[in-house]
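Q: See structure01.cif below, with mmCIF, C-alpha atoms.
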data_query
loop_
_atom_site.group_PDB
_atom_site.id
_atom_site.type_symbol
_atom_site.label_atom_id
_atom_site.label_comp_id
_atom_site.auth_asym_id
_atom_site.auth_seq_id
_atom_site.Cartn_x
_atom_site.Cartn_y
_atom_site.Cartn_z
ATOM 1 C CA MET A 1 -28.149 -56.214 -40.222
ATOM 2 C CA PRO A 2 -25.868 -53.381 -41.306
ATOM 3 C CA TYR A 3 -25.518 -51.865 -37.826
ATOM 4 C CA ASP A 4 -24.199 -55.113 -36.318
ATOM 5 C CA THR A 5 -21.154 -55.618 -38.516
ATOM 6 C CA PRO A 6 -17.657 -55.713 -36.984
ATOM 7 C CA SER A 7 -16.633 -52.586 -38.883
ATOM 8 C CA THR A 8 -19.625 -50.688 -37.489
ATOM 9 C CA HIS A 9 -18.774 -51.870 -33.991
ATOM 10 C CA ARG A 10 -15.197 -50.706 -34.435
ATOM 11 C CA SER A 11 -16.099 -47.218 -35.629
ATOM 12 C CA LEU A 12 -18.541 -46.707 -32.736
ATOM 13 C CA GLU A 13 -15.903 -47.874 -30.268
ATOM 14 C CA ASP A 14 -13.319 -45.554 -31.828
ATOM 15 C CA SER A 15 -15.669 -42.592 -31.603
ATOM 16 C CA LEU A 16 -16.096 -43.134 -27.847
ATOM 17 C CA ILE A 17 -12.380 -42.993 -27.102
ATOM 18 C CA ASP A 18 -10.805 -39.576 -26.612
ATOM 19 C CA PRO A 19 -7.846 -38.931 -28.868
ATOM 20 C CA PRO A 20 -4.596 -38.736 -26.871
ATOM 21 C CA GLU A 21 -4.239 -35.000 -27.423
ATOM 22 C CA GLU A 22 -7.662 -34.255 -25.937
ATOM 23 C CA HIS A 23 -8.489 -34.507 -22.257
ATOM 24 C CA ALA A 24 -12.025 -34.914 -20.988
ATOM 25 C CA THR A 25 -13.154 -33.454 -17.679
ATOM 26 C CA ARG A 26 -15.499 -35.765 -15.809
ATOM 27 C CA TYR A 27 -16.834 -33.435 -13.123
ATOM 28 C CA THR A 28 -16.927 -29.801 -14.208
ATOM 29 C CA SER A 29 -18.441 -28.411 -10.990
ATOM 30 C CA GLN A 30 -15.805 -30.102 -8.850
ATOM 31 C CA THR A 31 -13.084 -29.004 -11.285
ATOM 32 C CA ASP A 32 -14.176 -25.418 -10.678
ATOM 33 C CA THR A 33 -14.121 -26.066 -6.926
ATOM 34 C CA VAL A 34 -10.571 -27.446 -7.025
ATOM 35 C CA HIS A 35 -9.419 -24.584 -9.251
ATOM 36 C CA ASP A 36 -10.949 -21.996 -6.910
ATOM 37 C CA ALA A 37 -9.487 -23.765 -3.850
ATOM 38 C CA VAL A 38 -6.011 -23.632 -5.372
ATOM 39 C CA LEU A 39 -6.514 -19.907 -5.924
ATOM 40 C CA GLY A 40 -7.370 -19.502 -2.226
ATOM 41 C CA ASP A 41 -11.164 -19.243 -2.204
ATOM 42 C CA ALA A 42 -12.173 -20.169 1.363
ATOM 43 C CA ALA A 43 -15.579 -21.617 0.425
ATOM 44 C CA ALA A 44 -13.985 -23.783 -2.273
ATOM 45 C CA ILE A 45 -11.266 -24.972 0.134
ATOM 46 C CA GLU A 46 -13.932 -25.948 2.665
ATOM 47 C CA LYS A 47 -15.874 -27.810 -0.015
ATOM 48 C CA LEU A 48 -12.729 -29.607 -1.237
ATOM 49 C CA PHE A 49 -11.941 -30.889 2.257
ATOM 50 C CA HIS A 50 -15.591 -31.806 2.804
ATOM 51 C CA TYR A 51 -15.302 -34.124 -0.206
ATOM 52 C CA LEU A 52 -11.900 -35.488 0.847
ATOM 53 C CA SER A 53 -13.076 -36.233 4.396
ATOM 54 C CA SER A 54 -16.472 -37.640 3.499
ATOM 55 C CA THR A 55 -17.539 -41.031 4.768
ATOM 56 C CA ASN A 56 -19.356 -41.387 1.448
ATOM 57 C CA ARG A 57 -16.986 -43.298 -0.834
ATOM 58 C CA ASP A 58 -18.691 -41.877 -3.946
ATOM 59 C CA LEU A 59 -17.996 -38.277 -2.924
ATOM 60 C CA ARG A 60 -14.349 -39.115 -2.286
ATOM 61 C CA HIS A 61 -14.175 -40.862 -5.670
ATOM 62 C CA ILE A 62 -15.635 -37.814 -7.427
ATOM 63 C CA ILE A 63 -13.094 -35.409 -5.953
ATOM 64 C CA GLN A 64 -10.181 -37.811 -6.433
ATOM 65 C CA SER A 65 -11.201 -38.320 -10.070
ATOM 66 C CA THR A 66 -11.364 -34.562 -10.424
ATOM 67 C CA LEU A 67 -7.847 -34.254 -9.016
ATOM 68 C CA HIS A 68 -6.620 -36.923 -11.442
ATOM 69 C CA ASP A 69 -8.143 -34.918 -14.301
ATOM 70 C CA MET A 70 -6.278 -31.731 -13.343
ATOM 71 C CA GLN A 71 -3.575 -31.140 -15.926
ATOM 72 C CA ASP A 72 -1.602 -28.426 -14.155
ATOM 73 C CA ALA A 73 1.213 -28.669 -11.639
ATOM 74 C CA GLY A 74 -0.276 -25.825 -9.580
ATOM 75 C CA THR A 75 -2.990 -28.092 -8.206
ATOM 76 C CA TRP A 76 -0.480 -30.658 -6.976
ATOM 77 C CA GLN A 77 1.836 -27.911 -5.670
ATOM 78 C CA ALA A 78 -1.043 -26.583 -3.568
ATOM 79 C CA LEU A 79 -1.989 -30.054 -2.287
ATOM 80 C CA LEU A 80 1.503 -31.226 -1.352
ATOM 81 C CA PRO A 81 1.714 -28.954 1.728
ATOM 82 C CA CYS A 82 -1.770 -30.221 2.708
ATOM 83 C CA LEU A 83 -0.389 -33.742 2.734
ATOM 84 C CA ALA A 84 2.491 -32.566 4.925
ATOM 85 C CA VAL A 85 0.128 -30.784 7.327
ATOM 86 C CA VAL A 86 -2.310 -33.666 7.704
ATOM 87 C CA GLY A 87 0.544 -36.136 8.066
ATOM 88 C CA GLY A 88 2.285 -34.111 10.786
ATOM 89 C CA MET A 89 0.573 -30.948 11.883
ATOM 90 C CA GLU A 90 3.557 -29.643 13.843
ATOM 91 C CA SER A 91 4.088 -25.934 13.451
ATOM 92 C CA TRP A 92 7.357 -26.406 11.558
ATOM 93 C CA VAL A 93 5.558 -27.849 8.504
ATOM 94 C CA ASP A 94 5.852 -25.143 5.861
ATOM 95 C CA THR A 95 2.556 -24.486 4.093
ATOM 96 C CA GLY A 96 4.249 -22.186 1.594
ATOM 97 C CA GLU A 97 1.810 -20.275 -0.535
ATOM 98 C CA SER A 98 -0.919 -22.912 -0.163
ATOM 99 C CA ALA A 99 -4.053 -21.314 1.263
ATOM 100 C CA ALA A 100 -5.573 -24.802 1.420
ATOM 101 C CA ALA A 101 -2.762 -26.072 3.665
ATOM 102 C CA THR A 102 -3.037 -23.031 5.930
ATOM 103 C CA TRP A 103 -6.807 -23.526 6.173
ATOM 104 C CA LEU A 104 -6.344 -27.241 6.907
ATOM 105 C CA ARG A 105 -3.809 -26.530 9.675
ATOM 106 C CA ARG A 106 -6.228 -24.084 11.317
ATOM 107 C CA GLN A 107 -9.047 -26.647 11.180
ATOM 108 C CA MET A 108 -6.838 -29.342 12.703
ATOM 109 C CA MET A 109 -5.662 -27.034 15.484
ATOM 110 C CA ALA A 110 -9.253 -26.051 16.254
ATOM 111 C CA ALA A 111 -10.232 -29.737 16.320
ATOM 112 C CA ARG A 112 -7.491 -30.428 18.856
ATOM 113 C CA ARG A 113 -8.895 -27.731 21.127
ATOM 114 C CA HIS A 114 -12.573 -28.619 20.546
ATOM 115 C CA PRO A 115 -12.857 -32.133 19.060
ATOM 116 C CA GLN A 116 -16.643 -32.154 19.426
ATOM 117 C CA ASP A 117 -16.918 -29.187 17.019
ATOM 118 C CA SER A 118 -14.861 -30.682 14.190
ATOM 119 C CA HIS A 119 -16.709 -31.385 10.957
ATOM 120 C CA TYR A 120 -13.801 -33.130 9.230
ATOM 121 C CA ASN A 121 -12.282 -36.592 9.378
ATOM 122 C CA PHE A 122 -8.585 -35.758 9.135
ATOM 123 C CA GLU A 123 -7.540 -39.400 8.845
ATOM 124 C CA GLN A 124 -9.818 -39.721 5.818
ATOM 125 C CA ILE A 125 -8.379 -36.526 4.332
ATOM 126 C CA GLU A 126 -4.895 -37.983 4.724
ATOM 127 C CA ARG A 127 -5.926 -41.281 3.082
ATOM 128 C CA SER A 128 -7.654 -39.447 0.237
ATOM 129 C CA LEU A 129 -4.651 -37.205 -0.435
ATOM 130 C CA VAL A 130 -2.195 -40.104 -0.286
ATOM 131 C CA GLU A 131 -4.322 -42.068 -2.759
ATOM 132 C CA ALA A 132 -4.545 -39.062 -5.060
ATOM 133 C CA PHE A 133 -0.764 -38.613 -5.024
ATOM 134 C CA VAL A 134 0.136 -42.292 -5.319
ATOM 135 C CA LEU A 135 -2.325 -43.408 -7.989
ATOM 136 C CA ASP A 136 -1.869 -42.128 -11.541
ATOM 137 C CA GLU A 137 -4.642 -42.455 -14.100
ATOM 138 C CA SER A 138 -2.401 -41.382 -16.957
ATOM 139 C CA GLU A 139 1.259 -41.051 -17.800
ATOM 140 C CA ALA A 140 0.875 -37.284 -18.077
ATOM 141 C CA GLU A 141 -0.550 -37.092 -14.556
ATOM 142 C CA GLY A 142 2.334 -39.192 -13.243
ATOM 143 C CA ARG A 143 4.874 -36.906 -14.911
ATOM 144 C CA ILE A 144 3.246 -33.789 -13.461
ATOM 145 C CA LYS A 145 3.173 -35.191 -9.919
ATOM 146 C CA ALA A 146 6.732 -36.523 -10.198
ATOM 147 C CA ALA A 147 7.932 -33.066 -11.255
ATOM 148 C CA VAL A 148 6.109 -31.430 -8.330
ATOM 149 C CA LEU A 149 7.565 -33.932 -5.856
ATOM 150 C CA TYR A 150 11.030 -33.548 -7.350
ATOM 151 C CA GLU A 151 10.902 -29.747 -7.022
ATOM 152 C CA ALA A 152 9.781 -30.007 -3.385
#
Rewrite the structure from the file as structure tokens, please.

A:
Amino acid sequence: MPYDTPSTHRSLEDSLIDPPEEHATRYTSQTDTVHDAVLGDAAAIEKLFHYLSSTNRDLRHIIQSTLHDMQDAGTWQALLPCLAVVGGMESWVDTGESAAATWLRRQMMAARRHPQDSHYNFEQIERSLVEAFVLDESEAEGRIKAAVLYEA
């Protein structure tokens, strides 16, 4: 059978692997959401934190995979203050230019005043953000996050 030879297997396998210079995006809708959230879109920020705080492991995986696919430092620069806010919401935590961190702080403060009205699991958001920062799916991602952390 010509289609079952080792050389045929090898060429099919090679065609499925992205060349190193190309980067595939797994979840285009969520990529748009993250991009819009970084730019300050309130609906996108709300959606991002809905994913990060979800009790559904698959939704958290989708958004974390999307974050790992982001190839720009701006995403990680916007998320770093969020990690600071969710880790210690005290008013001295500087949110910088991060609209997402400012939004998150407001949600956490509102949840302190009215816990029954909160729609977010802030402990899960913290876990999700820590995992996203700590785990690297590629060397390039690790370099980007290291540079962002170093600059902070």

Q: As a check of understanding, name the residues that the PyMOL selection byres ((chain A and resi 47) around 12) selects in the supplied structure, as a compact mmCIF listing (two decimals) with C-alpha atoms, in the coordinates of the input.

A:
# COMPACT_ATOMS: atom_id res chain seq x y z
CA SER A 29 -18.44 -28.41 -10.99
CA GLN A 30 -15.80 -30.10 -8.85
CA THR A 31 -13.08 -29.00 -11.28
CA ASP A 32 -14.18 -25.42 -10.68
CA THR A 33 -14.12 -26.07 -6.93
CA VAL A 34 -10.57 -27.45 -7.02
CA HIS A 35 -9.42 -24.58 -9.25
CA ASP A 36 -10.95 -22.00 -6.91
CA ALA A 37 -9.49 -23.76 -3.85
CA VAL A 38 -6.01 -23.63 -5.37
CA ASP A 41 -11.16 -19.24 -2.20
CA ALA A 42 -12.17 -20.17 1.36
CA ALA A 43 -15.58 -21.62 0.42
CA ALA A 44 -13.98 -23.78 -2.27
CA ILE A 45 -11.27 -24.97 0.13
CA GLU A 46 -13.93 -25.95 2.66
CA LEU A 48 -12.73 -29.61 -1.24
CA PHE A 49 -11.94 -30.89 2.26
CA HIS A 50 -15.59 -31.81 2.80
CA TYR A 51 -15.30 -34.12 -0.21
CA LEU A 52 -11.90 -35.49 0.85
CA SER A 53 -13.08 -36.23 4.40
CA SER A 54 -16.47 -37.64 3.50
CA LEU A 59 -18.00 -38.28 -2.92
CA ARG A 60 -14.35 -39.12 -2.29
CA ILE A 63 -13.09 -35.41 -5.95
CA ALA A 100 -5.57 -24.80 1.42
CA TRP A 103 -6.81 -23.53 6.17
CA LEU A 104 -6.34 -27.24 6.91
CA HIS A 119 -16.71 -31.38 10.96
CA TYR A 120 -13.80 -33.13 9.23

Q: Taking (-1.3, -31.9, -18.3) in the file's own coordinates, collect the residues within 9 Å, counting all atoms listed in the file, and hand them back as a PyMOL selection string.

A: chain A and resi 23+69-73+140-141+143-144

Q: Go ahead and save the picked residues with C-alpha atoms, as a short mmCIF file (atom, residue, chain, number, x, y, z; two decimals), in the coordinates of the input.

A:
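part-v9.cif written:
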data_model
loop_
_atom_site.label_atom_id
_atom_site.label_comp_id
_atom_site.auth_asym_id
_atom_site.auth_seq_id
_atom_site.Cartn_x
_atom_site.Cartn_y
_atom_site.Cartn_z
CA HIS A 23 -8.49 -34.51 -22.26
CA ASP A 69 -8.14 -34.92 -14.30
CA MET A 70 -6.28 -31.73 -13.34
CA GLN A 71 -3.58 -31.14 -15.93
CA ASP A 72 -1.60 -28.43 -14.16
CA ALA A 73 1.21 -28.67 -11.64
CA ALA A 140 0.88 -37.28 -18.08
CA GLU A 141 -0.55 -37.09 -14.56
CA ARG A 143 4.87 -36.91 -14.91
CA ILE A 144 3.25 -33.79 -13.46
#

Q: Using CA of Arg113 (chain A) and CA of Ala101 (chain A) as the two end points, give the distance in Å to one decimal.

A: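 The value is 18.6 Å.
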
Q: Hey, which of A:Gln107, A:Leu39, A:Glu137, A:Gln124 ends up closest to Thr66 (chain A)? Count all atoms listed in the file.

A: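 Among the listed residues, the smallest separation from Thr66 (chain A) belongs to A:Glu137.
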
Q: To test the calculation: enclose all listed atoms of region 135-151 of chain A in a box whose edges run along x, y and z, add 3 Å on each side, then state centre and edge lengths in Å to one decimal, as AutoDock Vina command-line options.

A:
--center_x 3.2 --center_y -36.6 --center_z -12.0 --size_x 21.7 --size_y 19.7 --size_z 18.2

Q: Please measure the separation of CA of Met108 (chain A) and CA of Ala84 (chain A), giving the value in Å to one decimal.

A: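 Result for CA of Met108 (chain A) versus CA of Ala84 (chain A): 12.6 Å, one decimal.
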
Q: May I ask which of the residues A:Ala110, A:Glu97, A:Gly142, A:Ala147 is the closest one to Ala78 (chain A), counting only C-alpha atoms?

A: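 Selected residue with least distance to Ala78 (chain A): A:Glu97.
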
Q: In Å to one decimal, how far is CA of His68 (chain A) from CA of Ala111 (chain A)?

A: 28.9 Å

Q: Hey, which of A:Ser98, A:Gln77, A:Thr28, A:Thr55 ends up closest to Phe133 (chain A)? Count only C-alpha atoms.

A: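 Looking only at the distances to Phe133 (chain A), the closest residue turns out to be A:Gln77.
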
Q: Find, counting all atoms listed in the file, the residue in A:Glu139, A:Ala152, A:Leu83, A:Met109 that gets nearest to Glu123 (chain A).

A: A:Leu83

Q: Would you mind telling me which residue in A:Val85, A:Leu80, A:Ala132, A:Val148 lies nearest to Ile62 (chain A) when using only C-alpha atoms?

A: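 Looking at the shortest contact to Ile62 (chain A), the residue is A:Ala132.
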